[in-house]
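Reproduced below: my_file-v8.tsv, with TSV, C-alpha atoms.
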```tsv
chain	number	residue	atom	x	y	z
A	1	MET	CA	0.00	0.00	0.00
A	2	GLN	CA	1.35	3.41	-0.98
A	3	LYS	CA	1.61	5.91	1.86
A	4	ILE	CA	0.93	9.59	1.20
A	5	LEU	CA	1.74	12.23	3.80
A	6	VAL	CA	0.35	15.73	3.23
A	7	LEU	CA	2.12	18.55	5.08
A	8	SER	CA	0.54	21.96	5.53
A	9	GLY	CA	1.43	25.23	7.23
A	10	LYS	CA	2.13	28.84	6.48
A	11	LYS	CA	5.40	30.09	5.05
A	12	GLN	CA	8.36	29.30	7.30
A	13	SER	CA	6.18	27.13	9.53
A	14	GLY	CA	8.56	24.18	9.36
A	15	LYS	CA	7.14	22.09	6.51
A	16	THR	CA	10.47	21.66	4.73
A	17	SER	CA	12.39	20.72	7.88
A	18	ALA	CA	9.67	18.16	8.69
A	19	CYS	CA	9.96	16.72	5.18
A	20	ASN	CA	13.75	16.59	5.49
A	21	TYR	CA	13.57	14.86	8.87
A	22	ILE	CA	11.30	12.11	7.56
A	23	HIS	CA	13.54	11.62	4.52
A	24	GLY	CA	16.59	11.42	6.75
A	25	TYR	CA	15.02	8.89	9.08
A	26	VAL	CA	13.72	6.61	6.31
A	27	LEU	CA	16.96	6.76	4.30
A	28	ARG	CA	19.08	6.05	7.35
A	29	GLU	CA	16.95	3.00	8.14
A	30	VAL	CA	17.51	1.53	4.66
A	31	GLY	CA	21.23	2.35	4.71
A	32	VAL	CA	21.44	5.22	2.22
A	33	PHE	CA	22.80	7.56	4.93
A	34	LYS	CA	24.89	6.44	7.91
A	35	ASP	CA	23.28	9.11	10.07
A	36	PHE	CA	21.49	12.43	9.69
A	37	GLY	CA	20.49	15.63	11.42
A	38	VAL	CA	18.43	18.72	10.64
A	39	HIS	CA	20.07	22.13	10.79
A	40	PRO	CA	18.38	24.21	13.54
A	41	ASP	CA	18.53	27.46	11.57
A	42	ASN	CA	17.53	26.60	8.01
A	43	GLY	CA	15.94	23.15	8.35
A	44	ASP	CA	18.33	21.54	5.85
A	45	LEU	CA	19.18	17.87	6.14
A	46	VAL	CA	22.75	17.31	7.37
A	47	VAL	CA	24.43	14.00	6.48
A	48	PRO	CA	27.93	12.51	6.69
A	49	THR	CA	30.01	12.95	3.55
A	50	MET	CA	33.61	12.59	2.43
A	51	GLN	CA	35.97	15.45	1.64
A	52	ARG	CA	39.49	15.58	0.23
A	53	THR	CA	41.82	17.64	2.42
A	54	ALA	CA	44.53	20.03	1.21
A	55	GLY	CA	47.05	17.24	1.87
A	56	GLY	CA	45.20	14.87	-0.45
A	57	THR	CA	43.71	12.57	2.16
A	58	ILE	CA	40.01	11.72	2.38
A	59	GLU	CA	38.21	12.45	5.64
A	60	GLU	CA	34.62	12.30	6.81
A	61	THR	CA	32.78	15.56	7.32
A	62	LYS	CA	29.16	16.74	7.22
A	63	GLY	CA	27.28	18.39	4.39
A	64	PHE	CA	23.81	19.59	3.45
A	65	PHE	CA	21.50	17.43	1.34
A	66	SER	CA	18.43	18.73	-0.47
A	67	PHE	CA	15.45	16.94	-2.04
A	68	GLY	CA	14.00	20.01	-3.74
A	69	GLU	CA	12.66	20.23	-7.27
A	70	ASP	CA	15.37	22.81	-8.00
A	71	ARG	CA	17.88	19.95	-8.01
A	72	VAL	CA	15.72	18.00	-10.46
A	73	LEU	CA	15.65	21.06	-12.74
A	74	THR	CA	19.36	21.86	-12.59
A	75	GLU	CA	21.34	18.74	-11.63
A	76	PRO	CA	21.02	15.71	-13.95
A	77	TYR	CA	23.41	13.68	-11.80
A	78	TYR	CA	21.09	14.17	-8.81
A	79	VAL	CA	18.18	12.66	-10.75
A	80	GLU	CA	20.29	9.61	-11.60
A	81	PHE	CA	21.33	9.21	-7.95
A	82	ALA	CA	17.80	9.77	-6.62
A	83	GLN	CA	16.27	7.21	-8.98
A	84	LYS	CA	18.63	4.54	-7.64
A	85	GLN	CA	18.99	5.52	-3.98
A	86	ILE	CA	16.03	7.64	-2.84
A	87	TRP	CA	12.87	7.42	-4.93
A	88	GLN	CA	12.51	3.66	-4.52
A	89	TYR	CA	11.80	4.42	-0.84
A	90	ILE	CA	10.53	7.98	-0.46
A	91	LYS	CA	9.96	11.07	-2.59
A	92	ARG	CA	9.05	14.69	-1.99
A	93	TYR	CA	6.26	16.27	-4.05
A	94	SER	CA	4.75	19.72	-4.00
A	95	PHE	CA	1.51	21.22	-5.27
A	96	GLY	CA	3.67	24.24	-6.07
A	97	ASP	CA	6.18	22.50	-8.35
A	98	ALA	CA	4.03	22.73	-11.48
A	99	LEU	CA	3.29	26.36	-10.62
A	100	LYS	CA	6.98	27.16	-10.23
A	101	ARG	CA	7.86	25.45	-13.51
A	102	ASN	CA	5.24	27.65	-15.18
A	103	ILE	CA	6.61	30.81	-13.57
A	104	ILE	CA	10.16	29.92	-14.60
A	105	ASN	CA	9.27	29.03	-18.18
A	106	LEU	CA	6.70	31.74	-18.89
A	107	TYR	CA	7.96	34.80	-17.05
A	108	GLY	CA	11.73	34.48	-16.89
A	109	VAL	CA	11.87	33.97	-13.13
A	110	SER	CA	14.98	32.09	-12.05
A	111	VAL	CA	15.11	28.73	-10.31
A	112	ASP	CA	16.72	30.43	-7.31
A	113	GLN	CA	13.89	32.95	-7.08
A	114	CYS	CA	11.36	30.13	-6.89
A	115	TYR	CA	13.30	27.62	-4.78
A	116	GLY	CA	15.99	29.63	-3.02
A	117	THR	CA	16.21	31.45	0.28
A	118	ASN	CA	13.59	33.85	1.57
A	119	ASP	CA	15.76	36.73	0.37
A	120	GLN	CA	15.91	35.22	-3.13
A	121	LYS	CA	12.15	34.65	-3.23
A	122	ASP	CA	11.66	38.27	-2.20
A	123	THR	CA	13.62	39.67	-5.16
A	124	GLU	CA	11.72	41.45	-7.92
A	125	THR	CA	10.52	39.87	-11.15
A	126	ALA	CA	9.82	41.67	-14.43
A	127	ILE	CA	6.04	41.65	-13.75
A	128	THR	CA	4.35	44.73	-12.28
A	129	TRP	CA	1.08	44.97	-10.39
A	130	LYS	CA	-0.18	46.99	-13.35
A	131	ASP	CA	0.37	43.89	-15.48
A	132	ILE	CA	-1.86	41.96	-13.06
A	133	THR	CA	-4.68	44.47	-13.58
A	134	LYS	CA	-4.92	43.28	-17.21
A	135	VAL	CA	-6.28	40.01	-15.83
A	136	MET	CA	-7.74	40.88	-12.44
A	137	GLY	CA	-8.86	44.47	-12.95
A	138	LEU	CA	-7.66	47.46	-10.94
A	139	GLY	CA	-9.98	47.11	-7.95
A	140	LYS	CA	-9.35	43.39	-7.44
A	141	THR	CA	-5.60	43.86	-7.83
A	142	ARG	CA	-5.50	46.57	-5.16
A	143	LYS	CA	-7.55	44.31	-2.88
A	144	ILE	CA	-5.01	41.50	-3.35
A	145	MET	CA	-2.15	43.89	-2.60
A	146	LYS	CA	-3.92	44.98	0.59
A	147	SER	CA	-4.41	41.35	1.69
A	148	MET	CA	-0.64	40.89	1.39
A	149	GLY	CA	0.01	43.88	3.62
A	150	LEU	CA	1.39	45.93	0.73
A	151	PRO	CA	0.86	49.62	-0.09
A	152	HIS	CA	-2.09	49.51	-2.47
A	153	SER	CA	-3.31	53.04	-3.19
A	154	VAL	CA	-1.88	56.39	-4.25
A	155	ASN	CA	-0.64	58.52	-1.39
A	156	ARG	CA	-3.00	61.48	-1.11
A	157	SER	CA	-0.18	63.96	-0.67
A	158	GLY	CA	0.89	63.14	-4.21
A	159	ASP	CA	4.54	62.65	-3.31
A	160	LYS	CA	4.68	58.90	-3.95
A	161	GLU	CA	4.36	56.80	-7.07
A	162	ASP	CA	1.25	54.64	-7.36
A	163	PRO	CA	2.18	51.22	-5.87
A	164	ILE	CA	0.42	49.60	-8.83
A	165	ASN	CA	3.56	50.36	-10.86
A	166	ARG	CA	5.82	48.37	-8.54
A	167	TYR	CA	7.28	45.00	-9.49
A	168	LEU	CA	6.06	41.80	-7.89
A	169	THR	CA	8.59	39.68	-6.06
A	170	ALA	CA	8.86	36.04	-7.05
A	171	ARG	CA	6.93	35.02	-3.93
A	172	GLN	CA	4.13	37.48	-4.72
A	173	LEU	CA	3.95	36.35	-8.34
A	174	MET	CA	3.66	32.71	-7.26
A	175	GLN	CA	0.85	33.61	-4.86
A	176	VAL	CA	-1.09	35.73	-7.33
A	177	TYR	CA	-0.57	33.59	-10.43
A	178	GLY	CA	-1.06	30.31	-8.60
A	179	THR	CA	-4.05	31.26	-6.46
A	180	ASP	CA	-5.82	34.35	-7.77
A	181	ILE	CA	-5.49	33.46	-11.45
A	182	CYS	CA	-5.00	29.71	-12.03
A	183	ARG	CA	-7.04	28.43	-9.09
A	184	THR	CA	-9.82	30.87	-9.97
A	185	ILE	CA	-10.06	29.16	-13.35
A	186	ASP	CA	-9.87	25.66	-11.82
A	187	PRO	CA	-9.39	25.13	-8.05
A	188	ASP	CA	-8.08	21.60	-8.68
A	189	CYS	CA	-5.43	22.47	-11.29
A	190	TRP	CA	-2.34	22.06	-9.10
A	191	PHE	CA	-3.88	19.17	-7.15
A	192	ARG	CA	-4.64	17.21	-10.32
A	193	CYS	CA	-1.17	17.71	-11.77
A	194	THR	CA	0.57	16.62	-8.56
A	195	MET	CA	-1.61	13.59	-7.88
A	196	ASN	CA	-1.16	12.31	-11.42
A	197	ASN	CA	2.57	12.15	-10.64
A	198	VAL	CA	2.18	10.69	-7.14
A	199	LEU	CA	-0.20	7.92	-8.16
A	200	GLY	CA	1.65	7.20	-11.38
A	201	GLU	CA	5.08	6.82	-9.80
A	202	LYS	CA	3.87	4.71	-6.82
A	203	VAL	CA	6.78	5.63	-4.53
A	204	PRO	CA	6.24	3.77	-1.19
A	205	ILE	CA	6.20	6.99	0.87
A	206	ALA	CA	5.17	10.15	-0.98
A	207	ILE	CA	5.38	13.43	0.95
A	208	ILE	CA	3.40	16.34	-0.46
A	209	GLU	CA	5.09	19.25	1.22
A	210	ASP	CA	2.79	22.22	0.77
A	211	ALA	CA	-0.98	21.79	1.01
A	212	ARG	CA	-2.59	25.22	1.31
A	213	PHE	CA	-6.30	24.62	0.59
A	214	PRO	CA	-9.00	22.28	1.93
A	215	ASN	CA	-9.74	20.84	-1.52
A	216	GLU	CA	-6.12	19.64	-1.75
A	217	ILE	CA	-6.28	17.68	1.51
A	218	ASP	CA	-9.82	16.45	0.95
A	219	GLY	CA	-8.92	15.52	-2.62
A	220	VAL	CA	-6.02	13.28	-1.53
A	221	ASP	CA	-8.24	11.71	1.16
A	222	SER	CA	-10.95	10.97	-1.39
A	223	LEU	CA	-8.54	8.84	-3.43
A	224	ALA	CA	-7.64	6.51	-0.54
A	225	ASN	CA	-10.11	3.71	-1.25
A	226	ALA	CA	-10.00	3.91	-5.03
A	227	TYR	CA	-6.21	3.60	-5.16
A	228	ASP	CA	-5.47	1.55	-2.01
A	229	ILE	CA	-3.38	4.28	-0.40
A	230	ASP	CA	-2.91	5.30	3.24
A	231	VAL	CA	-3.24	9.08	3.63
A	232	LYS	CA	-2.11	11.07	6.68
A	233	THR	CA	-1.90	14.83	7.27
A	234	ILE	CA	0.31	17.00	9.45
A	235	ARG	CA	-0.26	20.69	10.22
A	236	CYS	CA	2.68	22.89	11.26
A	237	GLU	CA	0.98	25.69	13.20
A	238	ARG	CA	3.81	28.21	13.50
A	239	ASP	CA	2.85	31.59	11.98
A	240	LEU	CA	5.69	34.11	11.83
A	241	PHE	CA	4.34	36.67	9.38
A	242	GLY	CA	0.57	37.05	9.70
A	243	ASP	CA	0.14	37.11	5.90
A	244	THR	CA	-3.59	37.34	5.12
A	245	HIS	CA	-3.44	36.28	1.47
A	246	HIS	CA	-5.90	33.44	0.85
A	247	SER	CA	-3.11	30.98	0.09
A	248	GLU	CA	-1.87	31.50	3.66
A	249	THR	CA	-5.22	31.49	5.51
A	250	ALA	CA	-7.45	28.98	3.71
A	251	LEU	CA	-6.65	26.18	6.19
A	252	ASP	CA	-6.87	28.29	9.35
A	253	ASP	CA	-10.18	26.71	10.40
A	254	TYR	CA	-9.62	23.27	8.88
A	255	GLU	CA	-9.76	20.55	11.53
A	256	ASN	CA	-9.15	17.17	9.90
A	257	PHE	CA	-5.43	16.81	10.54
A	258	ASP	CA	-3.90	13.61	11.89
A	259	LEU	CA	-1.16	15.52	13.72
A	260	ARG	CA	-0.73	19.16	14.71
A	261	ILE	CA	2.71	20.59	15.52
A	262	PRO	CA	2.13	23.44	18.03
A	263	HIS	CA	3.53	26.88	17.28
A	264	GLU	CA	5.86	26.81	20.26
A	265	CYS	CA	7.53	23.47	19.46
A	266	GLU	CA	11.29	23.50	19.18
A	267	LEU	CA	12.89	21.53	16.33
A	268	ASP	CA	13.69	18.43	18.41
A	269	GLU	CA	10.21	18.40	19.94
A	270	LYS	CA	8.66	18.60	16.49
A	271	HIS	CA	10.71	15.66	15.27
A	272	GLU	CA	9.77	13.59	18.32
A	273	LEU	CA	6.08	14.20	17.63
A	274	ILE	CA	6.49	13.28	13.96
A	275	LEU	CA	8.43	10.09	14.68
A	276	ALA	CA	5.90	9.00	17.31
A	277	ALA	CA	3.09	9.53	14.78
A	278	LEU	CA	4.92	7.62	12.01
A	279	ARG	CA	5.38	4.69	14.39
A	280	GLU	CA	1.77	4.83	15.53
A	281	TRP	CA	0.62	4.73	11.90
A	282	GLY	CA	2.91	1.78	11.19
A	283	TRP	CA	4.87	3.68	8.57
A	284	VAL	CA	8.32	3.12	10.11
```

Please go through the file and, once you have read it, give me the structure as structure tokens.
Amino acid sequence: MQKILVLSGKKQSGKTSACNYIHGYVLREVGVFKDFGVHPDNGDLVVPTMQRTAGGTIEETKGFFSFGEDRVLTEPYYVEFAQKQIWQYIKRYSFGDALKRNIINLYGVSVDQCYGTNDQKDTETAITWKDITKVMGLGKTRKIMKSMGLPHSVNRSGDKEDPINRYLTARQLMQVYGTDICRTIDPDCWFRCTMNNVLGEKVPIAIIEDARFPNEIDGVDSLANAYDIDVKTIRCERDLFGDTHHSETALDDYENFDLRIPHECELDEKHELILAALREWGWV
């Protein structure tokens, strides 16, 4: 039976570090990694590796390991390694991967802007809010800007440029294009694309890292009987930014999670809760 874990939470809530921890645990158990840890600051997986010293000898050290789609897009050797060593046991998926591929291919946004650090995601694209008005209209666009906590109207003193002329950051473009445009056309567009991959590839443990809407979680649940899959959900409740865009708030009142990680949990506490749940479910 295929196991599908759906992670949800707001930006920087700890979804990626949770995904990395589960990968590390599973891959250590099957012998891919000798050991693993999760970096307390950035949530990256830390694993033993070998390094050649200045004197020419080989010594063991530690290095970061990533499972992100950015590696699939930019590192062919990673894909070859993952097919042999990782994806036969566990694989990370994301409802946002198809969105990010679209953004990269259609609008000239870089891989780093979509998959990099917070600072990289917050760099400007070539798309302005005025461009968004061509699709959403002026009033709706200003309303979206307001929901993101952005300046959204002309300063009455007349000494500032209309914010509608400002450029969207990569993060803002992903939110607006993915939610306010594409999901308005079809709320299931990103869900359908992702689940076609998950069900088609049949990886034993599939982790979908970024559920943001009830229809995504309910949609995965609805497939359980038809496809003989075991579905579990985890909610990371930490909220650092108070972003009120719909993509950040749509699950605020959703209750059907199998595990909730409280806001105040430290990294080690979070991992203990996750491991206890995985054992209870019979997944590890």

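Residue nearest A:Asp97 within the list A:Val32, A:Ile261, A:Ala276, A:Val72: A:Val72 [criterion: smallest interatomic distance, all atoms listed in the file].
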
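The residue that comes closest to A:Trp190, out of A:Gly96, A:Pro40, A:Pro151, A:Gly116 and on the basis of all atoms listed in the file, is A:Gly96.
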
Would you list the contacts of stretch 239-252 of chain A as an NGL selection string, taking every protein, DNA or RNA residue within 6 Å and counting only C-alpha atoms, but skipping same-chain residues closer than 6 positions in sequence?
:A and (10 or 147-148 or 212-213)

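Among A:Leu259, A:Val109, A:Ile164, A:Leu7, the residue with the shortest atom-to-atom distance to A:Lys143, counting all atoms listed in the file, is A:Ile164.
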
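Coordinates place atom CA of A:Ala206 at a distance of 7.7 Å from atom CA of A:Gln2.
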
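Distances here use only C-alpha atoms; by that measure, the residue among A:Gly139, A:Gly31, A:Gly68, A:Gly149 closest to A:Asp112 is A:Gly68.
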
Length of the atom CA of A:Thr125 to atom CA of A:Tyr77 vector [Å]
29.2 Å

Return as lines of an AutoDock Vina configuration file the centre and edge lengths, in Å with one decimal, of the box along x, y and z that encloses every atom of stretch 214-229 of chain A in the file, padded by 8 Å per side.
```
center_x = -7.2
center_y = 11.9
center_z = -1.6
size_x = 23.6
size_y = 36.7
size_z = 23.1
```

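Across the structure, atom CA of A:Arg235 and atom CA of A:Asp210 are spaced 10.0 Å apart.
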
Excluding A:Leu168 and its own-chain neighbours fewer than 6 positions away, which residues fall within 12 Å of it when counting all atoms listed in the file? Please give them as a list in words.
Tyr107, Val109, Gln113, Lys121, Asp122, Thr123, Glu124, Thr125, Ala126, Ile127, Thr128, Trp129, Lys130, Asp131, Ile132, Thr141, Ile144, Met145, Met148, Leu150, Met174, Gln175, Val176 and Tyr177 of chain A

Extract stretch 66-194 of chain A from the preceding block and save C-alpha atoms as a CSV table (one decimal), in the first residue's frame.
```
chain,number,residue,atom,x,y,z
A,66,SER,CA,18.4,18.7,-0.5
A,67,PHE,CA,15.4,16.9,-2.0
A,68,GLY,CA,14.0,20.0,-3.7
A,69,GLU,CA,12.7,20.2,-7.3
A,70,ASP,CA,15.4,22.8,-8.0
A,71,ARG,CA,17.9,19.9,-8.0
A,72,VAL,CA,15.7,18.0,-10.5
A,73,LEU,CA,15.6,21.1,-12.7
A,74,THR,CA,19.4,21.9,-12.6
A,75,GLU,CA,21.3,18.7,-11.6
A,76,PRO,CA,21.0,15.7,-14.0
A,77,TYR,CA,23.4,13.7,-11.8
A,78,TYR,CA,21.1,14.2,-8.8
A,79,VAL,CA,18.2,12.7,-10.7
A,80,GLU,CA,20.3,9.6,-11.6
A,81,PHE,CA,21.3,9.2,-7.9
A,82,ALA,CA,17.8,9.8,-6.6
A,83,GLN,CA,16.3,7.2,-9.0
A,84,LYS,CA,18.6,4.5,-7.6
A,85,GLN,CA,19.0,5.5,-4.0
A,86,ILE,CA,16.0,7.6,-2.8
A,87,TRP,CA,12.9,7.4,-4.9
A,88,GLN,CA,12.5,3.7,-4.5
A,89,TYR,CA,11.8,4.4,-0.8
A,90,ILE,CA,10.5,8.0,-0.5
A,91,LYS,CA,10.0,11.1,-2.6
A,92,ARG,CA,9.1,14.7,-2.0
A,93,TYR,CA,6.3,16.3,-4.1
A,94,SER,CA,4.7,19.7,-4.0
A,95,PHE,CA,1.5,21.2,-5.3
A,96,GLY,CA,3.7,24.2,-6.1
A,97,ASP,CA,6.2,22.5,-8.3
A,98,ALA,CA,4.0,22.7,-11.5
A,99,LEU,CA,3.3,26.4,-10.6
A,100,LYS,CA,7.0,27.2,-10.2
A,101,ARG,CA,7.9,25.5,-13.5
A,102,ASN,CA,5.2,27.6,-15.2
A,103,ILE,CA,6.6,30.8,-13.6
A,104,ILE,CA,10.2,29.9,-14.6
A,105,ASN,CA,9.3,29.0,-18.2
A,106,LEU,CA,6.7,31.7,-18.9
A,107,TYR,CA,8.0,34.8,-17.0
A,108,GLY,CA,11.7,34.5,-16.9
A,109,VAL,CA,11.9,34.0,-13.1
A,110,SER,CA,15.0,32.1,-12.1
A,111,VAL,CA,15.1,28.7,-10.3
A,112,ASP,CA,16.7,30.4,-7.3
A,113,GLN,CA,13.9,32.9,-7.1
A,114,CYS,CA,11.4,30.1,-6.9
A,115,TYR,CA,13.3,27.6,-4.8
A,116,GLY,CA,16.0,29.6,-3.0
A,117,THR,CA,16.2,31.5,0.3
A,118,ASN,CA,13.6,33.9,1.6
A,119,ASP,CA,15.8,36.7,0.4
A,120,GLN,CA,15.9,35.2,-3.1
A,121,LYS,CA,12.1,34.7,-3.2
A,122,ASP,CA,11.7,38.3,-2.2
A,123,THR,CA,13.6,39.7,-5.2
A,124,GLU,CA,11.7,41.4,-7.9
A,125,THR,CA,10.5,39.9,-11.1
A,126,ALA,CA,9.8,41.7,-14.4
A,127,ILE,CA,6.0,41.6,-13.7
A,128,THR,CA,4.4,44.7,-12.3
A,129,TRP,CA,1.1,45.0,-10.4
A,130,LYS,CA,-0.2,47.0,-13.4
A,131,ASP,CA,0.4,43.9,-15.5
A,132,ILE,CA,-1.9,42.0,-13.1
A,133,THR,CA,-4.7,44.5,-13.6
A,134,LYS,CA,-4.9,43.3,-17.2
A,135,VAL,CA,-6.3,40.0,-15.8
A,136,MET,CA,-7.7,40.9,-12.4
A,137,GLY,CA,-8.9,44.5,-13.0
A,138,LEU,CA,-7.7,47.5,-10.9
A,139,GLY,CA,-10.0,47.1,-7.9
A,140,LYS,CA,-9.3,43.4,-7.4
A,141,THR,CA,-5.6,43.9,-7.8
A,142,ARG,CA,-5.5,46.6,-5.2
A,143,LYS,CA,-7.6,44.3,-2.9
A,144,ILE,CA,-5.0,41.5,-3.3
A,145,MET,CA,-2.1,43.9,-2.6
A,146,LYS,CA,-3.9,45.0,0.6
A,147,SER,CA,-4.4,41.3,1.7
A,148,MET,CA,-0.6,40.9,1.4
A,149,GLY,CA,0.0,43.9,3.6
A,150,LEU,CA,1.4,45.9,0.7
A,151,PRO,CA,0.9,49.6,-0.1
A,152,HIS,CA,-2.1,49.5,-2.5
A,153,SER,CA,-3.3,53.0,-3.2
A,154,VAL,CA,-1.9,56.4,-4.2
A,155,ASN,CA,-0.6,58.5,-1.4
A,156,ARG,CA,-3.0,61.5,-1.1
A,157,SER,CA,-0.2,64.0,-0.7
A,158,GLY,CA,0.9,63.1,-4.2
A,159,ASP,CA,4.5,62.6,-3.3
A,160,LYS,CA,4.7,58.9,-4.0
A,161,GLU,CA,4.4,56.8,-7.1
A,162,ASP,CA,1.3,54.6,-7.4
A,163,PRO,CA,2.2,51.2,-5.9
A,164,ILE,CA,0.4,49.6,-8.8
A,165,ASN,CA,3.6,50.4,-10.9
A,166,ARG,CA,5.8,48.4,-8.5
A,167,TYR,CA,7.3,45.0,-9.5
A,168,LEU,CA,6.1,41.8,-7.9
A,169,THR,CA,8.6,39.7,-6.1
A,170,ALA,CA,8.9,36.0,-7.1
A,171,ARG,CA,6.9,35.0,-3.9
A,172,GLN,CA,4.1,37.5,-4.7
A,173,LEU,CA,4.0,36.3,-8.3
A,174,MET,CA,3.7,32.7,-7.3
A,175,GLN,CA,0.9,33.6,-4.9
A,176,VAL,CA,-1.1,35.7,-7.3
A,177,TYR,CA,-0.6,33.6,-10.4
A,178,GLY,CA,-1.1,30.3,-8.6
A,179,THR,CA,-4.1,31.3,-6.5
A,180,ASP,CA,-5.8,34.3,-7.8
A,181,ILE,CA,-5.5,33.5,-11.4
A,182,CYS,CA,-5.0,29.7,-12.0
A,183,ARG,CA,-7.0,28.4,-9.1
A,184,THR,CA,-9.8,30.9,-10.0
A,185,ILE,CA,-10.1,29.2,-13.4
A,186,ASP,CA,-9.9,25.7,-11.8
A,187,PRO,CA,-9.4,25.1,-8.1
A,188,ASP,CA,-8.1,21.6,-8.7
A,189,CYS,CA,-5.4,22.5,-11.3
A,190,TRP,CA,-2.3,22.1,-9.1
A,191,PHE,CA,-3.9,19.2,-7.2
A,192,ARG,CA,-4.6,17.2,-10.3
A,193,CYS,CA,-1.2,17.7,-11.8
A,194,THR,CA,0.6,16.6,-8.6
```
